[in-house]
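S.K.: I have a structure I would like to understand better, so I am pasting it below and will then ask my questions one at a time.
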Amino acid sequence: MKKLFTIFGNPVSHSKSPLMHNLSFNGLNYNGCYTRYKLEDGSKLRNKFFELNIAGANITVPHKEEAFKACDELDWFAQKVGAVNTIINRNGKLYGYNTDAPGFLKAIEEFKDVKKILFLGAGGTAQSTSVVLRDVGYEVTLLNRSAKRLERFKEDGFKTYTFDTFEDNIEYDLIVNMTSAGLEDEELPCPIEILEKVIPNAKACIDVIYGKDTPFLKFAKRYNKPTKDGSDMLLYQGVIAFEYFTNHEFSFEKIENYMKRAF
Ligand code: NDP
C-alpha cells in the first residue's frame, strides 16, 4: 500500500519539501507519496495526522512547537530544541524528531578548525541550532537587532549583543546570517561597520537563506571569504527526515543523490 507523507504548515505553498521527497521516493522506487497540507490551527495537528492516515510528516512554520507537544516520544535533538519538524507514526504512536539542527551541523561540517560562531539573528532558527551547536562543542554568540529576542538566550547562558552593545575586539571563525534580512529585501543583517570588523577575521560566512546571493553573502565575497547559502541545510534536514520516513532502508548518499535534484 502507498504510504502517505505530508508537510504541515501555514503557509506551505512555497515549500520545496514535496518535490524533494517525491524525487527520492521515485528514484528509490519507494511506494510513497508526499503532499502539502495547510494547517491553520496547530493544536489540531495530532488529530489531522490520524484522520488523514499519514505515515510521516514534516512540520514547518508556525507549528514546530505544537508538533513537539503532539508527540508521544521525542528524540535527543527535539528534546534539546523544544521543536519538532518530523513526525513518524509507528503503530499509532507519534515519534517526533528535529532534523533542522543536525541538518545545519552537517552543512557546516566542511569548515574545519571552527570553534567560535557568531549568529546574526535570534529567531526560531537561531534558537534551534544554537543549543545543539553548543552541546557538540561550538561557542555560539548572538547579535540581534532587538534586545527582546535575546532574553531567552541570555537566560540560557549565551553571550548576546545588540547592535549598540557589540564588542568588536573578539574574533569569530564563522559568521552566520540567521535573520530574514535579504530574503525579500536587499538589507544586511546588521550595520555594515560591524560586518567590516568581524568578516576579515572569519574563516567563512554562511547564510541560512537559500537560492539567493544575499547582500550578506555578496559582502562576504568582497573579502574573498568562502561562503555558503542555506541550500545544504534544507537538503540535509530533508535527507535525515527521509531516513526516518523509510526506516533507514536507504543510505544517506543515495537519498541525497535524488533529493538534491530539487535544487
Ligand atoms: P524568525 O522570524 O524567528 O526571526 C527573524 C530574525 O531576523 C530575528 O532575529 C529578527 O530580528 C531578524 N531580522 C529580520 N529582519 C531583519 C532586518 N532587516 N535586519 C536585521 N535583523 C532582522 O525567523 P526564522 O528564524 O524562522 O528564520 C530566519 C531565516 O532562516 C529566514 O530567512 C528563513 O528563510 C531561514 N531558514 C532557512 C532554513 C533552511 O533550511 N535553509 C530553515 C529555516 C529557516 P528582530 O528580533 O530584531 O526582529
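Identifiers for the C-alpha cells are assigned positionally: chains receive A, B, ... in sequence, residues are indexed from 1 per chain, and ligands are indexed from 1 in the order shown.
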Within 8 Å of ligand 1, which residues show up when you count only C-alpha atoms and all ligand atoms? List them as number ranges by chain, please.
M.R.: A: 61, 100, 103-104, 120-127, 144-150, 177-183, 185, 187-190, 207-210, 229-235, 237
S.K.: Could you give me, as a list in words, the residues within 10 Å of range 91-94 of chain A, counting only C-alpha atoms and dropping anything in the same chain fewer than 3 positions from it?
M.R.: Arg46, Phe49, Phe50, Asn53, Ala55, Gly56, Ala67, Ala70, Cys71, Asp72, Glu73, Leu74, Thr86, Ile87, Ile88 and Tyr97 of chain A
S.K.: Can you write out the residues you just picked, keeping N, CA, C and O atoms, as a short mmCIF file (atom, residue, chain, number, x, y, z; two decimals), in the first residue's frame?
M.R.:
```cif
data_model
loop_
_atom_site.label_atom_id
_atom_site.label_comp_id
_atom_site.auth_asym_id
_atom_site.auth_seq_id
_atom_site.Cartn_x
_atom_site.Cartn_y
_atom_site.Cartn_z
N ARG A 46 -2.32 16.64 15.77
CA ARG A 46 -2.35 15.22 16.12
C ARG A 46 -3.59 14.53 15.52
O ARG A 46 -3.49 13.47 14.90
N PHE A 49 -3.32 14.16 11.75
CA PHE A 49 -2.36 13.12 11.42
C PHE A 49 -3.05 11.76 11.32
O PHE A 49 -2.88 11.01 10.35
N PHE A 50 -3.87 11.47 12.32
CA PHE A 50 -4.56 10.17 12.34
C PHE A 50 -5.73 10.14 11.36
O PHE A 50 -5.97 9.14 10.68
N ASN A 53 -4.57 9.49 8.00
CA ASN A 53 -3.81 8.23 7.92
C ASN A 53 -2.42 8.43 7.31
O ASN A 53 -2.04 7.76 6.34
N ALA A 55 1.67 8.41 7.27
CA ALA A 55 2.76 7.58 7.82
C ALA A 55 3.84 8.45 8.46
O ALA A 55 4.47 8.07 9.45
N GLY A 56 4.05 9.63 7.84
CA GLY A 56 5.08 10.53 8.37
C GLY A 56 4.85 11.93 7.85
O GLY A 56 4.22 12.11 6.81
N ALA A 67 3.90 20.77 17.32
CA ALA A 67 4.26 19.41 16.90
C ALA A 67 5.03 18.71 18.02
O ALA A 67 4.86 17.51 18.26
N ALA A 70 2.58 17.44 20.39
CA ALA A 70 1.67 16.42 19.85
C ALA A 70 2.26 15.00 19.90
O ALA A 70 1.55 14.02 19.72
N CYS A 71 3.57 14.90 20.18
CA CYS A 71 4.23 13.59 20.07
C CYS A 71 4.19 12.77 21.35
O CYS A 71 4.12 13.31 22.45
N ASP A 72 4.27 11.45 21.19
CA ASP A 72 4.33 10.55 22.34
C ASP A 72 5.78 10.32 22.78
O ASP A 72 6.07 10.12 23.95
N GLU A 73 6.69 10.32 21.79
CA GLU A 73 8.11 10.09 22.08
C GLU A 73 8.93 11.13 21.32
O GLU A 73 8.56 11.51 20.20
N LEU A 74 10.07 11.55 21.90
CA LEU A 74 10.90 12.59 21.26
C LEU A 74 12.36 12.18 21.22
O LEU A 74 12.86 11.58 22.17
N THR A 86 9.74 16.73 12.24
CA THR A 86 9.49 15.45 11.57
C THR A 86 8.74 14.53 12.53
O THR A 86 9.17 14.38 13.69
N ILE A 87 7.64 13.96 12.05
CA ILE A 87 6.87 13.03 12.90
C ILE A 87 6.65 11.72 12.14
O ILE A 87 6.34 11.72 10.95
N ILE A 88 6.82 10.61 12.85
CA ILE A 88 6.56 9.29 12.27
C ILE A 88 5.47 8.62 13.09
O ILE A 88 5.50 8.67 14.33
N TYR A 97 10.93 14.11 15.83
CA TYR A 97 12.36 14.34 15.61
C TYR A 97 12.58 15.79 15.21
O TYR A 97 11.69 16.44 14.65
#
```
S.K.: Among range 56-164 of chain A, which ones does DSSP assign to alpha helix (DSSP H) (computed from the backbone)? Answer as a PyMOL selection string.
M.R.: chain A and resi 64-70+76-81+100-108+124-135+151-155
S.K.: Would you export the selected residues with N, CA and C atoms as a compact mmCIF listing (two decimals), in the first residue's frame, please?
M.R.:
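Written file, result_19.txt:
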```txt
# COMPACT_ATOMS: atom_id res chain seq x y z
N LYS A 64 6.01 24.15 14.72
CA LYS A 64 7.03 23.22 15.22
C LYS A 64 6.93 22.99 16.74
N GLU A 65 6.45 24.00 17.45
CA GLU A 65 6.32 23.82 18.90
C GLU A 65 5.07 23.02 19.25
N GLU A 66 4.00 23.24 18.50
CA GLU A 66 2.78 22.42 18.68
C GLU A 66 3.08 20.97 18.34
N ALA A 67 3.90 20.77 17.32
CA ALA A 67 4.26 19.41 16.90
C ALA A 67 5.03 18.71 18.02
N PHE A 68 5.84 19.46 18.69
CA PHE A 68 6.60 18.94 19.84
C PHE A 68 5.62 18.39 20.90
N LYS A 69 4.57 19.17 21.15
CA LYS A 69 3.57 18.78 22.17
C LYS A 69 2.73 17.60 21.71
N ALA A 70 2.58 17.44 20.39
CA ALA A 70 1.67 16.42 19.85
C ALA A 70 2.26 15.00 19.90
N TRP A 76 16.61 13.04 20.85
CA TRP A 76 17.51 13.92 21.59
C TRP A 76 17.48 15.36 21.06
N PHE A 77 17.57 15.50 19.74
CA PHE A 77 17.60 16.84 19.14
C PHE A 77 16.30 17.58 19.45
N ALA A 78 15.17 16.89 19.29
CA ALA A 78 13.87 17.52 19.54
C ALA A 78 13.75 17.96 21.00
N GLN A 79 14.23 17.11 21.90
CA GLN A 79 14.16 17.47 23.32
C GLN A 79 15.01 18.69 23.62
N LYS A 80 16.20 18.73 23.06
CA LYS A 80 17.13 19.85 23.27
C LYS A 80 16.53 21.16 22.77
N VAL A 81 15.89 21.06 21.61
CA VAL A 81 15.47 22.24 20.88
C VAL A 81 14.06 22.70 21.26
N ASP A 100 16.28 19.75 11.67
CA ASP A 100 16.85 21.06 11.29
C ASP A 100 18.25 21.23 11.90
N ALA A 101 18.35 20.91 13.18
CA ALA A 101 19.62 21.13 13.87
C ALA A 101 20.72 20.20 13.33
N PRO A 102 20.48 18.88 13.21
CA PRO A 102 21.54 18.04 12.62
C PRO A 102 21.82 18.40 11.16
N GLY A 103 20.79 18.90 10.46
CA GLY A 103 20.99 19.35 9.07
C GLY A 103 21.96 20.52 9.01
N PHE A 104 21.80 21.44 9.94
CA PHE A 104 22.71 22.59 9.98
C PHE A 104 24.13 22.15 10.36
N LEU A 105 24.20 21.23 11.35
CA LEU A 105 25.52 20.72 11.76
C LEU A 105 26.25 20.10 10.59
N LYS A 106 25.53 19.32 9.81
CA LYS A 106 26.15 18.66 8.64
C LYS A 106 26.57 19.71 7.61
N ALA A 107 25.75 20.75 7.47
CA ALA A 107 26.06 21.78 6.46
C ALA A 107 27.34 22.55 6.79
N ILE A 108 27.69 22.63 8.08
CA ILE A 108 28.91 23.40 8.41
C ILE A 108 30.13 22.49 8.65
N GLY A 124 13.67 31.82 15.56
CA GLY A 124 13.42 30.39 15.78
C GLY A 124 14.56 29.50 15.28
N THR A 125 15.13 29.86 14.14
CA THR A 125 16.20 29.01 13.59
C THR A 125 17.46 29.12 14.44
N ALA A 126 17.74 30.33 14.89
CA ALA A 126 18.88 30.52 15.78
C ALA A 126 18.67 29.74 17.07
N GLN A 127 17.45 29.76 17.56
CA GLN A 127 17.12 29.05 18.80
C GLN A 127 17.39 27.55 18.66
N SER A 128 16.89 26.96 17.56
CA SER A 128 17.00 25.50 17.46
C SER A 128 18.43 25.05 17.17
N THR A 129 19.21 25.87 16.51
CA THR A 129 20.56 25.42 16.18
C THR A 129 21.58 25.75 17.27
N SER A 130 21.38 26.87 17.98
CA SER A 130 22.40 27.30 18.94
C SER A 130 22.61 26.29 20.07
N VAL A 131 21.52 25.75 20.59
CA VAL A 131 21.62 24.83 21.73
C VAL A 131 22.39 23.58 21.33
N VAL A 132 22.09 23.09 20.13
CA VAL A 132 22.73 21.86 19.66
C VAL A 132 24.21 22.11 19.33
N LEU A 133 24.50 23.25 18.72
CA LEU A 133 25.89 23.59 18.41
C LEU A 133 26.71 23.65 19.71
N ARG A 134 26.13 24.28 20.71
CA ARG A 134 26.84 24.38 21.98
C ARG A 134 27.08 22.99 22.58
N ASP A 135 26.09 22.14 22.47
CA ASP A 135 26.21 20.80 23.03
C ASP A 135 27.31 19.97 22.38
N GLU A 151 16.56 37.77 25.13
CA GLU A 151 16.37 37.46 26.55
C GLU A 151 16.50 35.97 26.86
N ARG A 152 15.80 35.14 26.09
CA ARG A 152 15.81 33.70 26.40
C ARG A 152 17.21 33.10 26.19
N PHE A 153 17.97 33.67 25.25
CA PHE A 153 19.33 33.18 25.02
C PHE A 153 20.22 33.55 26.21
N LYS A 154 20.03 34.77 26.69
CA LYS A 154 20.81 35.25 27.83
C LYS A 154 20.53 34.37 29.05
N GLU A 155 19.25 34.10 29.27
CA GLU A 155 18.86 33.24 30.39
C GLU A 155 19.49 31.86 30.27
```
S.K.: Work out how far CA of Ile199 in chain A is from CA of Glu110 in chain A, in Å to one decimal.
M.R.: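 Straight-line distance from CA of Glu110 in chain A to CA of Ile199 in chain A works out to 18.4 Å.
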S.K.: As a ChimeraX atom specification, please: the residues near Leu142 in chain A (cut-off 6 Å, only C-alpha atoms, same-chain neighbours under 5 positions excluded).
M.R.: /A:118-119,160
S.K.: At a cut-off of 8 Å, using only C-alpha atoms, what residues contact Pro18 in chain A? Leave out same-chain residues fewer than 6 positions from it and give the result as JSON, numbers by chain.
M.R.: {"A": [6, 7, 34, 35, 36]}
S.K.: Between A:Glu249, A:Val176, A:Ile59, A:Glu109, which has the minimum distance to Ala220 in chain A (counting only C-alpha atoms)?
M.R.: A:Val176
S.K.: Would you mind telling me which residue in A:Val198, A:Asp213, A:Asp156, A:Lys116 lies nearest to Asp173 in chain A when using only C-alpha atoms?
M.R.: A:Lys116
S.K.: Give me every strand (DSSP E or B) residue in range 112-196 of chain A, going by DSSP on the backbone, as a PyMOL selection string.
M.R.: chain A and resi 116-120+139-144+159-162+174-177
S.K.: Of the candidates A:Gly82, A:Gly238, A:Pro191, A:Gly9, which shows the shortest atom-to-atom distance to Leu39 in chain A, using only C-alpha atoms?
M.R.: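 Of the candidates, the smallest distance to Leu39 in chain A is held by A:Gly9.
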S.K.: Please determine, counting only C-alpha atoms, which residue among A:Asn22, A:Ser15, A:Asn247, A:Thr214 has the shortest atom-to-atom distance to Glu184 in chain A.
M.R.: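 Looking at the shortest contact to Glu184 in chain A, the residue is A:Thr214.
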S.K.: Name all residues at most 7 Å from Phe252 in chain A (count only C-alpha atoms; drop same-chain ones fewer than 3 positions away) and give them as number ranges by chain.
M.R.: A: 239, 255-256
S.K.: With N, CA and C atoms kept, could you save the residues just selected as a CSV table (one decimal), in the first residue's frame?
M.R.:
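As written to disk, part.csv reads:
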```
chain,number,residue,atom,x,y,z
A,239,VAL,N,17.0,15.0,3.9
A,239,VAL,CA,17.6,13.7,3.8
A,239,VAL,C,17.4,12.9,5.2
A,255,ILE,N,19.9,8.8,-0.9
A,255,ILE,CA,18.7,9.7,-0.7
A,255,ILE,C,19.2,11.1,-1.2
A,256,GLU,N,20.4,11.5,-0.8
A,256,GLU,CA,20.9,12.8,-1.2
A,256,GLU,C,21.0,13.0,-2.7
```
S.K.: Counting only C-alpha atoms, figure out which residue out of A:Glu51, A:Pro200, A:Tyr236, A:Tyr244 gets nearest to Gly96 in chain A.
M.R.: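 When distances to Gly96 in chain A are compared using only C-alpha atoms, the smallest one comes from A:Tyr244.
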